[in-house]
file input_12.txt (compact mmCIF, C-alpha atoms and all ligand atoms)
# COMPACT_ATOMS: atom_id res chain seq x y z
CA MET A 264 95.47 105.89 137.36
CA THR A 265 96.50 108.12 134.47
CA GLU A 266 97.06 111.88 134.96
CA TYR A 267 96.81 114.50 132.25
CA LEU A 268 100.07 116.11 131.16
CA ALA A 269 99.97 119.60 129.65
CA GLY A 270 103.07 121.82 129.99
CA GLY A 271 104.34 119.48 132.70
CA THR A 272 105.74 122.22 134.96
CA ASP A 273 103.69 121.02 137.93
CA VAL A 274 103.24 117.31 137.13
CA LEU A 275 106.91 116.68 136.44
CA SER A 276 108.01 118.57 139.57
CA ARG A 277 105.83 116.22 141.64
CA ARG A 278 107.09 113.04 139.99
CA PRO A 279 110.48 112.80 141.80
CA ILE A 280 108.73 113.13 145.16
CA GLY A 281 106.11 110.51 144.41
CA ARG A 282 103.17 112.94 144.29
CA SER A 283 102.68 112.04 140.64
CA THR A 284 103.46 108.58 139.37
CA GLY A 285 101.98 108.42 135.89
CA PRO A 286 101.11 106.97 133.49
CA TYR A 287 100.30 110.22 131.69
CA THR A 288 97.84 111.18 128.98
CA ALA A 289 98.93 114.17 126.91
CA VAL A 290 96.24 116.85 126.69
CA ARG A 291 95.01 117.20 123.09
CA PRO A 292 97.24 119.76 121.33
CA ASP A 293 94.28 121.04 119.29
CA LEU A 294 92.93 122.64 122.50
CA ARG A 295 95.38 125.51 121.98
CA GLY A 296 94.39 128.99 120.85
CA VAL A 297 91.97 131.87 121.32
CA SER A 298 88.90 132.40 119.15
CA ALA A 299 86.05 134.92 119.04
CA LEU A 300 82.60 133.58 119.98
CA PRO A 301 79.78 134.34 117.51
CA GLY A 302 77.64 136.16 120.11
CA GLY A 303 80.56 138.13 121.60
CA GLY A 304 83.25 137.04 124.02
CA VAL A 305 86.13 134.63 123.51
CA ARG A 306 86.94 130.95 123.92
CA ILE A 307 90.42 130.03 125.13
CA GLY A 308 91.59 126.44 124.67
CA ALA A 309 93.00 124.70 127.74
CA MET A 310 96.39 124.15 126.03
CA THR A 311 96.89 127.86 125.35
CA THR A 312 100.08 128.88 127.13
CA VAL A 313 100.19 131.49 129.87
CA ALA A 314 102.48 133.61 127.66
CA GLU A 315 99.84 133.50 124.93
CA LEU A 316 97.16 134.60 127.43
CA ALA A 317 99.26 137.68 128.15
CA ALA A 318 99.86 138.55 124.48
CA ASP A 319 96.94 137.41 122.29
CA PRO A 320 95.30 140.42 120.56
CA LEU A 321 91.82 138.93 121.08
CA LEU A 322 92.40 139.15 124.85
CA ARG A 323 93.21 142.89 124.93
CA PRO A 324 89.66 143.71 126.11
CA TYR A 325 90.39 141.59 129.22
CA PRO A 326 93.16 143.50 131.04
CA ALA A 327 92.58 141.66 134.34
CA LEU A 328 93.53 138.41 132.63
CA THR A 329 96.42 139.71 130.53
CA ALA A 330 97.97 141.59 133.48
CA THR A 331 97.98 138.55 135.77
CA ALA A 332 99.12 136.13 133.07
CA GLY A 333 102.03 138.42 132.23
CA ALA A 334 103.16 138.65 135.85
CA LEU A 335 103.07 135.10 137.21
CA ALA A 336 106.09 132.79 137.63
CA THR A 337 108.92 133.47 135.14
CA PRO A 338 109.06 134.05 131.36
CA GLN A 339 110.36 130.49 130.92
CA ILE A 340 107.49 128.97 132.90
CA ARG A 341 104.89 131.15 131.15
CA THR A 342 106.12 129.91 127.77
CA VAL A 343 105.46 126.28 128.70
CA ALA A 344 102.67 126.41 131.29
CA THR A 345 99.11 126.14 130.01
CA LEU A 346 95.78 127.60 130.99
CA GLY A 347 94.38 124.19 132.01
CA GLY A 348 97.49 123.22 133.93
CA ASN A 349 97.55 126.52 135.76
CA LEU A 350 93.94 126.19 136.89
CA LEU A 351 94.42 122.55 137.95
CA GLN A 352 97.95 122.65 139.42
CA ARG A 353 98.46 121.17 142.88
CA ASN A 354 99.22 123.22 145.98
CA ARG A 355 102.69 124.33 147.12
CA CYS A 356 102.54 123.30 150.79
CA TRP A 357 105.96 122.25 152.09
CA TYR A 358 104.51 119.09 153.68
CA TYR A 359 102.60 118.06 150.55
CA ARG A 360 105.82 118.54 148.56
CA ASN A 361 107.86 116.44 151.02
CA PRO A 362 107.54 112.67 150.49
CA HIS A 363 108.33 111.98 154.17
CA PHE A 364 105.04 113.49 155.38
CA SER A 365 101.49 112.34 154.98
CA CYS A 366 98.52 114.67 155.29
CA LEU A 367 94.88 115.16 154.31
CA GLN A 368 95.92 115.75 150.69
CA THR A 369 97.77 112.44 150.48
CA GLY A 370 95.36 110.10 152.26
CA GLY A 371 96.58 110.84 155.79
CA SER A 372 94.45 111.84 158.74
CA GLY A 373 95.74 115.26 159.78
CA CYS A 374 97.38 118.47 158.68
CA PRO A 375 100.98 118.78 159.91
CA ALA A 376 101.19 122.33 158.54
CA ARG A 377 98.45 123.64 160.85
CA ALA A 378 100.47 122.73 163.93
CA GLY A 379 103.85 123.09 162.23
CA ALA A 380 105.48 125.46 159.73
CA HIS A 381 102.78 127.44 157.94
CA LEU A 382 104.30 130.87 157.26
CA TYR A 383 102.91 130.94 153.69
CA SER A 384 99.55 129.35 154.52
CA SER A 385 95.98 130.63 154.68
CA VAL A 386 94.75 133.63 156.60
CA VAL A 387 91.12 133.04 155.63
CA ASP A 388 90.58 129.69 157.34
CA LEU A 389 88.05 127.82 155.21
CA SER A 390 89.30 124.25 155.49
CA PRO A 391 91.22 121.74 157.63
CA CYS A 392 93.89 122.03 154.88
CA VAL A 393 95.57 125.44 155.14
CA ALA A 394 97.46 125.42 151.83
CA PRO A 395 96.41 128.46 149.76
CA HIS A 396 95.20 127.75 146.25
CA PRO A 397 98.15 128.37 143.90
CA SER A 398 96.49 129.52 140.64
CA THR A 399 97.00 133.17 139.73
CA VAL A 400 95.00 132.79 136.50
CA ALA A 401 91.98 131.60 138.52
CA VAL A 402 92.02 134.87 140.48
CA ALA A 403 91.82 136.85 137.23
CA LEU A 404 89.11 134.62 135.79
CA LEU A 405 86.94 135.23 138.86
CA VAL A 406 86.70 138.96 138.08
CA GLN A 407 86.23 138.24 134.36
CA ASP A 408 83.11 136.14 135.12
CA ALA A 409 84.66 133.22 133.25
CA VAL A 410 83.04 129.88 132.54
CA VAL A 411 85.00 126.64 132.07
CA GLU A 412 83.98 123.73 129.87
CA VAL A 413 84.81 120.20 130.99
CA ALA A 414 84.34 117.21 128.68
CA GLY A 415 81.25 115.24 129.74
CA ARG A 416 80.30 117.77 132.44
CA GLY A 417 79.52 120.85 130.36
CA ARG A 418 80.01 124.45 131.45
CA MET A 419 80.39 125.82 134.98
CA PRO A 420 81.50 129.13 136.51
CA VAL A 421 85.23 129.07 137.19
CA ALA A 422 84.50 129.48 140.92
CA ASP A 423 82.82 126.05 140.89
CA LEU A 424 86.14 124.39 140.00
CA TYR A 425 87.23 124.93 143.60
CA ASP A 426 85.87 124.05 147.02
CA ALA A 427 87.39 123.94 150.49
CA ASP A 428 87.61 120.14 150.57
CA PRO A 429 90.89 119.38 152.37
CA THR A 430 91.66 116.33 150.22
CA ARG A 431 91.92 118.05 146.83
CA ASP A 432 92.87 121.27 145.04
CA HIS A 433 89.96 121.25 142.56
CA VAL A 434 86.75 119.34 142.07
CA LEU A 435 87.64 117.54 138.80
CA ALA A 436 88.29 113.80 138.74
CA PRO A 437 91.55 112.56 137.17
CA SER A 438 89.61 111.48 134.07
CA ASP A 439 87.95 114.91 133.59
CA LEU A 440 89.42 116.89 130.71
CA LEU A 441 89.21 120.68 130.89
CA LEU A 442 88.52 121.80 127.34
CA ALA A 443 88.36 125.59 127.43
CA VAL A 444 87.57 128.79 129.26
CA GLU A 445 85.01 131.24 127.90
CA LEU A 446 84.80 134.93 128.71
CA PRO A 447 81.78 137.14 128.08
CA ALA A 448 82.27 140.17 125.85
CA GLY A 449 84.57 142.74 127.44
CA THR A 450 83.38 146.31 128.00
CA HIS A 451 84.95 149.12 126.02
CA GLY A 452 87.29 151.12 128.23
CA GLU A 453 87.52 148.67 131.10
CA ARG A 454 90.67 148.80 133.22
CA ALA A 455 92.40 146.47 135.64
CA ALA A 456 95.13 146.46 138.24
CA TYR A 457 97.05 143.43 139.51
CA HIS A 458 99.51 143.34 142.39
CA ARG A 459 101.38 140.50 144.09
CA ALA A 460 103.29 140.65 147.35
CA THR A 461 106.18 138.19 147.28
CA ALA A 462 108.89 137.01 149.67
CA ARG A 463 111.56 137.40 146.97
CA SER A 464 111.67 139.50 143.83
CA ARG A 465 111.17 136.79 141.19
CA ALA A 466 110.33 133.14 140.51
CA GLU A 467 107.98 132.88 143.47
CA TRP A 468 104.31 132.31 144.21
CA PRO A 469 102.76 135.33 145.89
CA LEU A 470 102.12 135.61 149.62
CA VAL A 471 99.05 137.62 148.66
CA GLU A 472 97.81 138.68 145.23
CA ALA A 473 94.86 140.85 144.20
CA VAL A 474 93.24 141.93 140.98
CA ALA A 475 90.67 144.68 140.50
CA ARG A 476 88.62 145.16 137.35
CA LEU A 477 86.78 148.38 136.60
CA VAL A 478 83.88 148.27 134.15
CA PRO A 479 83.04 151.89 133.39
CA THR A 480 79.57 153.34 133.91
CA PRO A 481 76.94 153.32 132.56
CA ALA A 482 77.49 149.56 132.33
CA ASP A 483 75.61 149.01 135.59
CA PRO A 484 74.20 152.27 136.98
CA ALA A 485 72.11 150.38 139.54
CA THR A 486 75.15 149.30 141.54
CA ALA A 487 77.70 152.03 140.84
CA PRO A 488 77.73 155.73 141.57
CA ALA A 489 77.94 157.88 138.45
CA GLY A 490 81.45 158.45 137.21
CA VAL A 491 82.96 155.48 139.00
CA GLY A 492 81.94 152.18 137.49
CA ARG A 493 81.43 148.65 138.65
CA VAL A 494 84.47 147.21 140.39
CA ALA A 495 85.18 143.49 140.74
CA VAL A 496 87.95 142.31 143.11
CA ALA A 497 89.47 138.90 143.71
CA VAL A 498 92.44 137.67 145.73
CA GLY A 499 94.74 134.67 145.94
CA GLY A 500 97.36 133.30 148.32
CA VAL A 501 95.10 133.64 151.33
CA ALA A 502 92.65 130.73 151.35
CA ARG A 503 92.01 127.19 150.16
CA THR A 504 90.26 128.69 147.12
CA PRO A 505 90.73 131.90 145.16
CA LEU A 506 88.25 134.44 146.55
CA ARG A 507 85.99 137.07 144.98
CA LEU A 508 85.56 139.91 147.49
CA THR A 509 81.93 140.90 147.12
CA GLU A 510 81.94 142.90 150.37
CA VAL A 511 84.73 145.11 149.01
CA GLU A 512 82.87 145.51 145.72
CA ARG A 513 79.68 146.52 147.59
CA ALA A 514 81.57 149.05 149.70
CA ILE A 515 83.00 150.71 146.58
CA ALA A 516 79.55 150.71 144.96
CA ASP A 517 78.21 152.43 148.11
CA GLY A 518 80.82 155.16 147.78
CA ALA A 519 83.47 154.02 150.30
CA SER A 520 87.08 155.07 149.79
CA PRO A 521 89.55 152.39 148.61
CA ALA A 522 91.04 152.33 152.12
CA ASP A 523 87.69 151.81 153.83
CA ALA A 524 86.50 149.29 151.25
CA ALA A 525 89.75 147.30 151.54
CA ALA A 526 89.48 147.28 155.34
CA THR A 527 86.25 145.24 155.10
CA VAL A 528 88.25 142.20 153.95
CA THR A 529 89.87 141.84 157.37
CA ARG A 530 86.54 140.57 158.74
CA ARG A 531 87.13 137.36 156.79
CA CYS A 532 90.54 136.79 158.32
CA ALA A 533 91.21 134.17 160.99
CA PRO A 534 95.00 133.97 160.99
CA LEU A 535 97.02 130.96 162.04
CA ALA A 536 99.90 131.41 164.49
CA GLN A 537 102.33 132.40 161.70
CA THR A 538 100.03 134.10 159.17
CA GLY A 539 98.94 137.16 161.14
CA TYR A 540 101.15 139.31 158.87
CA LYS A 541 98.84 138.45 155.95
CA VAL A 542 95.90 140.37 157.46
CA GLY A 543 97.51 143.76 156.87
CA LEU A 544 99.20 142.55 153.68
CA LEU A 545 95.86 141.46 152.24
CA ARG A 546 94.15 144.72 153.23
CA ASP A 547 96.93 146.86 151.79
CA THR A 548 97.24 144.84 148.58
CA VAL A 549 93.50 145.19 147.96
CA ARG A 550 93.70 148.91 148.74
CA HIS A 551 96.58 149.28 146.29
CA VAL A 552 94.75 147.66 143.35
CA LEU A 553 91.61 149.68 144.13
CA GLU A 554 93.52 152.96 144.21
CA THR A 555 95.32 152.03 141.00
CA VAL A 556 92.22 151.06 139.05
CA LEU A 557 90.09 153.96 140.31
CA GLY A 558 92.85 156.59 140.24
C1 LIG B 601 109.33 129.27 140.04
C2 LIG B 601 107.85 129.11 139.79
C3 LIG B 601 106.97 130.14 140.12
C4 LIG B 601 105.61 129.99 139.89
N1 LIG B 601 104.77 131.02 140.21
C5 LIG B 601 103.45 130.89 139.95
C6 LIG B 601 102.53 131.94 140.24
O1 LIG B 601 102.89 133.00 140.74
N2 LIG B 601 101.21 131.75 139.96
C7 LIG B 601 100.76 130.59 139.40
O2 LIG B 601 99.58 130.48 139.13
N3 LIG B 601 101.58 129.58 139.13
C8 LIG B 601 102.91 129.71 139.38
N4 LIG B 601 103.76 128.69 139.08
C9 LIG B 601 103.18 127.40 138.66
C10 LIG B 601 103.00 127.29 137.17
O3 LIG B 601 102.26 128.38 136.68
C11 LIG B 601 102.24 125.98 136.96
O4 LIG B 601 103.12 124.92 137.25
C12 LIG B 601 101.71 125.85 135.56
O5 LIG B 601 100.78 126.87 135.27
C13 LIG B 601 101.06 124.50 135.33
O6 LIG B 601 100.72 124.40 133.98
P1 LIG B 601 101.21 123.15 133.12
O7 LIG B 601 100.59 123.28 131.77
O8 LIG B 601 102.68 123.01 133.16
O9 LIG B 601 100.50 121.99 133.94
P2 LIG B 601 100.88 120.45 134.14
O10 LIG B 601 102.02 120.34 135.08
O11 LIG B 601 101.00 119.76 132.83
O12 LIG B 601 99.53 119.98 134.85
C14 LIG B 601 99.12 120.47 136.12
C15 LIG B 601 97.90 119.68 136.58
O13 LIG B 601 96.80 120.00 135.76
C16 LIG B 601 96.27 118.83 135.14
N5 LIG B 601 95.84 119.25 133.79
C17 LIG B 601 96.54 120.03 132.94
N6 LIG B 601 95.78 120.33 131.87
C18 LIG B 601 94.59 119.72 132.04
C19 LIG B 601 93.38 119.66 131.28
N7 LIG B 601 93.24 120.31 130.12
N8 LIG B 601 92.34 118.95 131.77
C20 LIG B 601 92.46 118.28 132.96
N9 LIG B 601 93.58 118.30 133.73
C21 LIG B 601 94.62 119.02 133.27
C22 LIG B 601 97.40 117.83 135.13
O14 LIG B 601 96.94 116.50 135.12
C23 LIG B 601 98.07 118.18 136.46
O15 LIG B 601 97.43 117.54 137.54
C24 LIG B 601 105.12 128.81 139.29
C25 LIG B 601 106.01 127.78 138.94
C26 LIG B 601 107.36 127.93 139.19
C27 LIG B 601 108.28 126.80 138.82
S1 LIG B 602 98.10 122.40 154.52
FE1 LIG B 602 97.06 120.89 153.24
S2 LIG B 602 98.70 120.16 151.90
FE2 LIG B 602 99.70 121.12 153.67
S3 LIG B 602 100.01 119.52 155.22
FE3 LIG B 602 98.03 120.44 155.65
S4 LIG B 602 96.55 119.14 154.58
FE4 LIG B 602 98.58 118.75 153.66
call {"tool": "encode", "arguments": {"input": "input_12.txt", "output": "structure tokens", "more": "lines below"}}
Ligand SMILES: Cc1cc2nc3c(=O)[nH]c(=O)nc-3n(C[C@H](O)[C@H](O)[C@H](O)COP(=O)(O)OP(=O)(O)OC[C@H]3O[C@@H](n4cnc5c(N)ncnc54)[C@H](O)[C@@H]3O)c2cc1C
Ligand code: SF4
result
Amino acid sequence: MTEYLAGGTDVLSRRPIGRSTGPYTAVRPDLRGVSALPGGGVRIGAMTTVAELAADPLLRPYPALTATAGALATPQIRTVATLGGNLLQRNRCWYYRNPHFSCLQTGGSGCPARAGAHLYSSVVDLSPCVAPHPSTVAVALLVQDAVVEVAGRGRMPVADLYDADPTRDHVLAPSDLLLAVELPAGTHGERAAYHRATARSRAEWPLVEAVARLVPTPADPATAPAGVGRVAVAVGGVARTPLRLTEVERAIADGASPADAAATVTRRCAPLAQTGYKVGLLRDTVRHVLETVLG
């Protein structure tokens, strides 16, 4: 079965361990670039690099996206890695990345991580597979209300790319080609804050990451107290899928402090034996981005 090859930073790292065998189909190079949509908003081709997401002038109205794209991985990876490849990359679980183990993601019958070494695994337990979803860009696209277009399937909200199925990291079939991501028109004056907690200072996936987007009032006076604005929050590194935190957003809309709003996320947590530290880390990371964006 053929697998698409974009920047190759994930595919080619899986090849030596037998988690990707080829043959490969290169993603069409013409799917690269950012363009303005006639009715407002932008369309970003799947082959646009992560570095280009961070720097393209047409994406300045989308600070949640540019901030996360500019912070993930390393400058070298961002120069090569693409939007499509980032959204569809495979998970980083130690067992999945070790050819001597079999698990639910490789056709096996159980999850050795759940009973074994799972220090970096989920704290929101949505699935028999406890590998957190690895895409940082997906977290940003959740708060930007992005839509993805897939050849032959049409458009769908970015959240629908992911489910908690323990046998896969996204819902697309190997033959499905992700064409582009579309963002609705940004709001003048919107702000964003992104923060990642990592186990080492660089070249690492986050233990927990959070992004908050503030759309200033009067964009939505029905759900936001005057003078604050509508806040959207999403997190990664904590569950089988990237998560939009609607309970935190509601708490802010109801006038809660960032600390109290962030504390509501702990109700989702069901830590594994080694991921209890992520409960406080998640709460405090969410609090940090809320305080930054509202401050
Ligand atoms: C040290 C290090 C740190 C990293 N830290 C982070 C981090 O913090 N956050 C983060 O998000 N990532 C991180 N990464 C991962 C990196 O961002 C991804 O490997 C990269 O984004 C994948 O993009 P690519 O274009 O190279 O994908 P590829 O390796 O080419 O493809 C990845 C997958 O997507 C599929 N695919 C690609 N494009 C399409 C398409 N258009 N349609 C259908 N299928 C497609 C491929 O078939 C493959 O299965 C890190 C990587 C390294 C090495
Ligand atoms: S967490 Fe997921 S990828 Fe890791 S061993 Fe378990 S089933 Fe496999």
call {"tool": "closest_residue", "arguments": {"input": "input_12.txt", "among": "A:Leu382, A:Val393, A:Leu316, A:Leu294", "to": "Thr342 (chain A)", "atoms": "all atoms listed in the file"}}
result
A:Leu316
call {"tool": "residues_around", "arguments": {"input": "input_12.txt", "residues": "Gly539 (chain A)", "least_positions_apart": "3", "cutoff": "12 Å", "atoms": "all atoms listed in the file", "output": "PyMOL selection string"}}
result
chain A and resi 381-388+501+529+532-536+542-546
call {"tool": "residues_near_ligand", "arguments": {"input": "input_12.txt", "ligand": "ligand LIG 602 (chain B)", "cutoff": "9 Å", "atoms": "all atoms listed in the file", "output": "JSON, numbers by chain"}}
result
{"A": [354, 355, 356, 357, 358, 359, 360, 364, 365, 366, 367, 368, 369, 371, 372, 373, 374, 375, 376, 377, 378, 379, 381, 384, 385, 390, 391, 392, 393, 394, 395, 429, 430, 431, 503]}
call {"tool": "residues_around", "arguments": {"input": "input_12.txt", "residues": "region 465-479 of chain A", "least_positions_apart": "5", "cutoff": "7 Å", "atoms": "only C-alpha atoms", "output": "PyMOL selection string"}}
result
chain A and resi 327+336-337+383+403+406+450+452-460+491-501+545+548-549+552-553+556
call {"tool": "atom_distance", "arguments": {"input": "input_12.txt", "atom1": "CA of Pro326 (chain A)", "atom2": "CA of Leu404 (chain A)"}}
result
10.9 Å
call {"tool": "closest_residue", "arguments": {"input": "input_12.txt", "among": "A:Leu328, A:Leu300, A:Ala317, A:Val290", "to": "ligand LIG 601 (chain B)", "atoms": "only C-alpha atoms and all ligand atoms"}}
result
A:Val290
call {"tool": "residues_near_ligand", "arguments": {"input": "input_12.txt", "ligand": "ligand LIG 601 (chain B)", "cutoff": "8 Å", "atoms": "all atoms listed in the file", "output": "PyMOL selection string"}}
result
chain A and resi 266-276+287+290-291+294+309-310+312-313+334-337+340-341+343-353+397-401+413+435+437-443+465-469
call {"tool": "atom_distance", "arguments": {"input": "input_12.txt", "atom1": "CA of Pro420 (chain A)", "atom2": "CA of Asp408 (chain A)"}}
result
7.3 Å
